[in-house]
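Q: Sharing a structure with you now.
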Amino acid sequence: MRFGILVFPGTWSETDCHHAVNGVLGQEADYIWHQDDDLTGYDAIIVPGGFSYGDYLRAGAIARFSPVMGAVIKFAAAGGLVIGICNGFQILCEAGLLPGALRRNEHLQYRCQWTRLRTERTDTPFSRRCAPEQVLEVPVSHGEGSYFADARTLQELEEQRRILFRYCDADGVATAEANPNGSVANIAGILNERGNVLGDDASP
């Protein structure tokens with residue numbers, strides 16, 4: 001597969017993503033500058049974490065209007081795979097590719113720590129190599145990682161099985177203590193209706 005990794009002024013995990021894709025998975029990966037608008041030839045796009053445009057207005061709010069995001073919206077509409085990590089998740093929500101929003105952490109603290117995610121589905125392109133309810137240990141690094149959506153949206157996410165990851169403890173139980181940011185329903189990762197766009201609040 002050929003991956004494109006977006007780069008905005010202020011992002012910092014694009015090199016981590018490149019290492020994961022190219023160095024660990026052995027797949028082709030290219031950096032794509034925020035002013036580019038051609039994603040021809042890519043199988044998957046990664047929107048990495050960081051502080052795009054400094055997050056001066058609101059996390060992801062400025063990046064949402066960059067030329068490359070117009071191309072990402074078209075790419076996703078055509079069925080291309082898109083994953084947004086941390087700030088990338090925020091950008092996908094701001095761009096309307098995913099519902100809801102990422103708010104300030106409930107405790108109002110920046111958190112950089114290891115956490116656990118329970119895999120809710122294994123029939124998606126992003127989780128097919130996981131076991132049912134597998135607990136993954138991954139780091140988080142964010143100050144605005146608390147996922148929020150209104151009651152109707154949450155009901156749709158639940159009914160349509162679009163919640164892919166939840167914060168959990170070592171036994172796979174989604175407890176309040178295991179939730180590092182106060183995300184509603186312990187949500188750590190969600191899918192769009194088509195299942196080809198993933199937003200996940202954990203780092204690569």
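Labels for the structure tokens follow display order: chains A, B, ..., residues from 1 in each chain, ligands from 1.
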For segment 144-148 of chain A, list every protein, DNA or RNA residue within 6 Å, evaluated using only C-alpha atoms, and leave out those in the same chain fewer than 6 positions away; present the list as a VMD selection string.

A: chain A and resid 100 to 105 181 to 184

Q: What lies within 10 Å of segment 49-60 of chain A using only C-alpha atoms, ignoring chain neighbours under 4 positions off, as a compact mmCIF listing (two decimals) with C-alpha atoms, in the first residue's frame?

A:
# COMPACT_ATOMS: atom_id res chain seq x y z
CA LEU A 6 -0.16 15.09 5.85
CA VAL A 7 2.13 17.79 7.22
CA PHE A 8 0.76 21.07 8.57
CA PRO A 9 2.76 23.84 10.23
CA GLY A 10 2.85 22.67 13.84
CA THR A 11 2.39 18.93 13.39
CA TRP A 12 5.01 16.79 15.09
CA SER A 13 4.07 13.11 14.78
CA GLU A 14 4.41 12.81 11.02
CA ASP A 16 6.42 8.72 13.96
CA CYS A 17 3.70 7.83 11.45
CA HIS A 34 -0.73 21.16 3.62
CA ARG A 64 -9.75 22.17 8.21
CA PHE A 65 -9.59 24.94 5.55
CA GLY A 84 -6.75 10.87 11.89
CA ILE A 85 -4.64 10.54 15.03
CA CYS A 86 -4.92 12.97 17.97
CA ASN A 87 -4.89 16.41 16.29
CA GLY A 88 -5.78 14.55 13.10
CA PHE A 89 -8.96 13.30 14.79
CA GLN A 90 -9.78 16.90 15.71
CA ILE A 91 -9.21 18.01 12.11
CA LEU A 92 -11.49 15.26 10.73
CA CYS A 93 -14.26 16.35 13.09
CA GLU A 94 -13.79 20.01 12.15
CA ALA A 95 -13.88 19.06 8.45
CA ALA A 101 -15.97 17.27 18.61
CA LEU A 102 -12.86 17.01 20.76
CA ARG A 103 -12.96 19.26 23.85
CA ARG A 104 -10.56 20.22 26.59
CA SER A 141 -0.58 12.96 24.39
CA HIS A 142 -3.22 15.67 24.36
CA GLY A 143 -4.91 18.52 26.15
CA GLU A 144 -8.09 18.47 24.04
CA GLY A 145 -8.82 14.77 23.79
CA ASP A 201 -7.19 9.94 19.95
CA ALA A 202 -4.16 7.76 20.65
CA SER A 203 -0.70 8.42 19.23
CA PRO A 204 0.95 6.07 16.72

Q: Set the distance at 9 Å and use only C-alpha atoms: which residues neighbour Gln35 of chain A once local chain neighbours fewer than 5 positions away are removed? I'd like the list as a PyMOL selection string.

A: chain A and resi 8+66-68

Q: Take the residues that were just selected and, keeping C-alpha atoms, output them as a PDB file, in the first residue's frame.

A:
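See selection.pdb below for the written result:
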ATOM      1  CA  PHE A   8       0.757  21.070   8.574  1.00  0.00           C
ATOM      2  CA  SER A  66      -6.198  23.999   4.077  1.00  0.00           C
ATOM      3  CA  PRO A  67      -6.067  22.937   0.396  1.00  0.00           C
ATOM      4  CA  VAL A  68      -5.055  19.383   1.266  1.00  0.00           C
TER       5      VAL A  68
END

Q: For each of A:Thr153, A:Gln160, A:Thr40, A:Thr124, take the minimum atom-to-atom distance to Leu198 of chain A, counting only C-alpha atoms, then give the residue where this is smallest.

A: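 Smallest distance to Leu198 of chain A is found for A:Thr124.
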
Q: Can you pull out every residue within 12 Å of segment 157-159 of chain A, counting only C-alpha atoms, but drop anything in the same chain fewer than 3 positions away, and send it as an mmCIF file with N, CA, C and O atoms, in the first residue's frame?

A:
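Final output, around38.cif:
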data_model
loop_
_atom_site.group_PDB
_atom_site.id
_atom_site.type_symbol
_atom_site.label_atom_id
_atom_site.label_comp_id
_atom_site.auth_asym_id
_atom_site.auth_seq_id
_atom_site.Cartn_x
_atom_site.Cartn_y
_atom_site.Cartn_z
ATOM 1 N N LEU A 98 -16.118 13.341 10.336
ATOM 2 C CA LEU A 98 -16.565 12.557 11.483
ATOM 3 C C LEU A 98 -17.463 13.439 12.348
ATOM 4 O O LEU A 98 -17.270 14.645 12.409
ATOM 5 N N PRO A 99 -18.435 12.839 13.037
ATOM 6 C CA PRO A 99 -19.332 13.637 13.879
ATOM 7 C C PRO A 99 -18.706 13.949 15.235
ATOM 8 O O PRO A 99 -17.730 13.324 15.646
ATOM 9 N N GLY A 100 -19.311 14.897 15.931
ATOM 10 C CA GLY A 100 -18.844 15.222 17.271
ATOM 11 C C GLY A 100 -17.689 16.194 17.271
ATOM 12 O O GLY A 100 -17.363 16.818 16.251
ATOM 13 N N GLU A 120 -13.513 -2.755 19.651
ATOM 14 C CA GLU A 120 -14.941 -3.051 19.613
ATOM 15 C C GLU A 120 -15.352 -3.848 18.376
ATOM 16 O O GLU A 120 -16.363 -4.549 18.404
ATOM 17 N N ARG A 121 -14.577 -3.726 17.292
ATOM 18 C CA ARG A 121 -14.898 -4.435 16.042
ATOM 19 C C ARG A 121 -13.603 -4.927 15.402
ATOM 20 O O ARG A 121 -12.562 -4.297 15.524
ATOM 21 N N PHE A 148 -16.780 14.358 22.436
ATOM 22 C CA PHE A 148 -18.153 14.688 22.818
ATOM 23 C C PHE A 148 -19.052 14.687 21.596
ATOM 24 O O PHE A 148 -18.652 15.112 20.507
ATOM 25 N N ALA A 149 -20.261 14.177 21.785
ATOM 26 C CA ALA A 149 -21.306 14.262 20.765
ATOM 27 C C ALA A 149 -22.641 14.298 21.488
ATOM 28 O O ALA A 149 -22.752 13.845 22.632
ATOM 29 N N ASP A 150 -23.657 14.841 20.827
ATOM 30 C CA ASP A 150 -24.967 14.909 21.467
ATOM 31 C C ASP A 150 -25.589 13.513 21.560
ATOM 32 O O ASP A 150 -25.088 12.546 20.976
ATOM 33 N N ALA A 151 -26.676 13.422 22.307
ATOM 34 C CA ALA A 151 -27.291 12.122 22.595
ATOM 35 C C ALA A 151 -27.717 11.388 21.328
ATOM 36 O O ALA A 151 -27.552 10.165 21.218
ATOM 37 N N ARG A 152 -28.254 12.103 20.371
ATOM 38 C CA ARG A 152 -28.697 11.466 19.128
ATOM 39 C C ARG A 152 -27.525 10.880 18.351
ATOM 40 O O ARG A 152 -27.592 9.757 17.857
ATOM 41 N N THR A 153 -26.438 11.666 18.269
ATOM 42 C CA THR A 153 -25.249 11.175 17.558
ATOM 43 C C THR A 153 -24.661 9.956 18.256
ATOM 44 O O THR A 153 -24.272 8.987 17.601
ATOM 45 N N LEU A 154 -24.594 10.005 19.580
ATOM 46 C CA LEU A 154 -24.076 8.861 20.333
ATOM 47 C C LEU A 154 -24.916 7.616 20.101
ATOM 48 O O LEU A 154 -24.385 6.503 19.948
ATOM 49 N N ARG A 162 -20.227 2.118 15.147
ATOM 50 C CA ARG A 162 -19.177 2.978 14.609
ATOM 51 C C ARG A 162 -18.162 3.402 15.662
ATOM 52 O O ARG A 162 -17.260 4.186 15.378
ATOM 53 N N ILE A 163 -18.302 2.897 16.873
ATOM 54 C CA ILE A 163 -17.282 3.108 17.893
ATOM 55 C C ILE A 163 -16.281 1.970 17.771
ATOM 56 O O ILE A 163 -16.633 0.807 17.969
ATOM 57 N N LEU A 164 -15.063 2.286 17.416
ATOM 58 C CA LEU A 164 -14.073 1.238 17.163
ATOM 59 C C LEU A 164 -13.206 0.954 18.384
ATOM 60 O O LEU A 164 -12.836 -0.198 18.626
ATOM 61 N N PHE A 165 -12.873 1.986 19.164
ATOM 62 C CA PHE A 165 -12.032 1.801 20.345
ATOM 63 C C PHE A 165 -12.625 2.551 21.537
ATOM 64 O O PHE A 165 -13.143 3.652 21.387
ATOM 65 N N ARG A 166 -12.506 1.925 22.729
ATOM 66 C CA ARG A 166 -12.899 2.579 23.974
ATOM 67 C C ARG A 166 -11.747 2.462 24.970
ATOM 68 O O ARG A 166 -11.053 1.445 25.017
ATOM 69 N N VAL A 184 -16.858 11.020 26.404
ATOM 70 C CA VAL A 184 -18.167 10.443 26.653
ATOM 71 C C VAL A 184 -18.161 8.966 26.231
ATOM 72 O O VAL A 184 -17.581 8.603 25.207
ATOM 73 N N ALA A 185 -18.740 8.116 27.073
ATOM 74 C CA ALA A 185 -18.841 6.677 26.816
ATOM 75 C C ALA A 185 -17.472 6.023 26.626
ATOM 76 O O ALA A 185 -17.364 4.972 25.989
ATOM 77 N N ILE A 187 -15.147 6.786 24.734
ATOM 78 C CA ILE A 187 -14.819 6.674 23.310
ATOM 79 C C ILE A 187 -13.407 7.181 23.033
ATOM 80 O O ILE A 187 -13.038 8.291 23.409
ATOM 81 N N GLY A 189 -12.027 6.068 19.679
ATOM 82 C CA GLY A 189 -11.940 6.060 18.227
ATOM 83 C C GLY A 189 -13.283 5.763 17.595
ATOM 84 O O GLY A 189 -14.015 4.885 18.067
ATOM 85 N N ILE A 190 -13.620 6.497 16.526
ATOM 86 C CA ILE A 190 -14.892 6.299 15.834
ATOM 87 C C ILE A 190 -14.685 6.224 14.324
ATOM 88 O O ILE A 190 -13.663 6.664 13.801
ATOM 89 N N LEU A 191 -15.697 5.685 13.645
ATOM 90 C CA LEU A 191 -15.703 5.551 12.194
ATOM 91 C C LEU A 191 -16.780 6.431 11.580
ATOM 92 O O LEU A 191 -17.771 6.771 12.241
ATOM 93 N N ASN A 192 -16.612 6.763 10.310
ATOM 94 C CA ASN A 192 -17.690 7.406 9.577
ATOM 95 C C ASN A 192 -18.708 6.341 9.163
ATOM 96 O O ASN A 192 -18.523 5.147 9.408
ATOM 97 N N GLU A 193 -19.793 6.755 8.545
ATOM 98 C CA GLU A 193 -20.854 5.812 8.182
ATOM 99 C C GLU A 193 -20.355 4.739 7.225
ATOM 100 O O GLU A 193 -20.768 3.574 7.312
ATOM 101 N N GLY A 195 -17.315 3.625 6.969
ATOM 102 C CA GLY A 195 -16.305 2.779 7.597
ATOM 103 C C GLY A 195 -14.916 2.921 7.042
ATOM 104 O O GLY A 195 -14.020 2.135 7.387
#

Q: Set the distance at 9 Å and use only C-alpha atoms: which residues neighbour Val82 of chain A once local chain neighbours fewer than 5 positions away are removed? I'd like the list as a list in words.

A: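 Everything that qualifies: Asp43, Ala44, Ile45, Ile46, Val47, Val72, Phe75, Ala76, Asn196, Val197, Leu198 and Gly199 of chain A.
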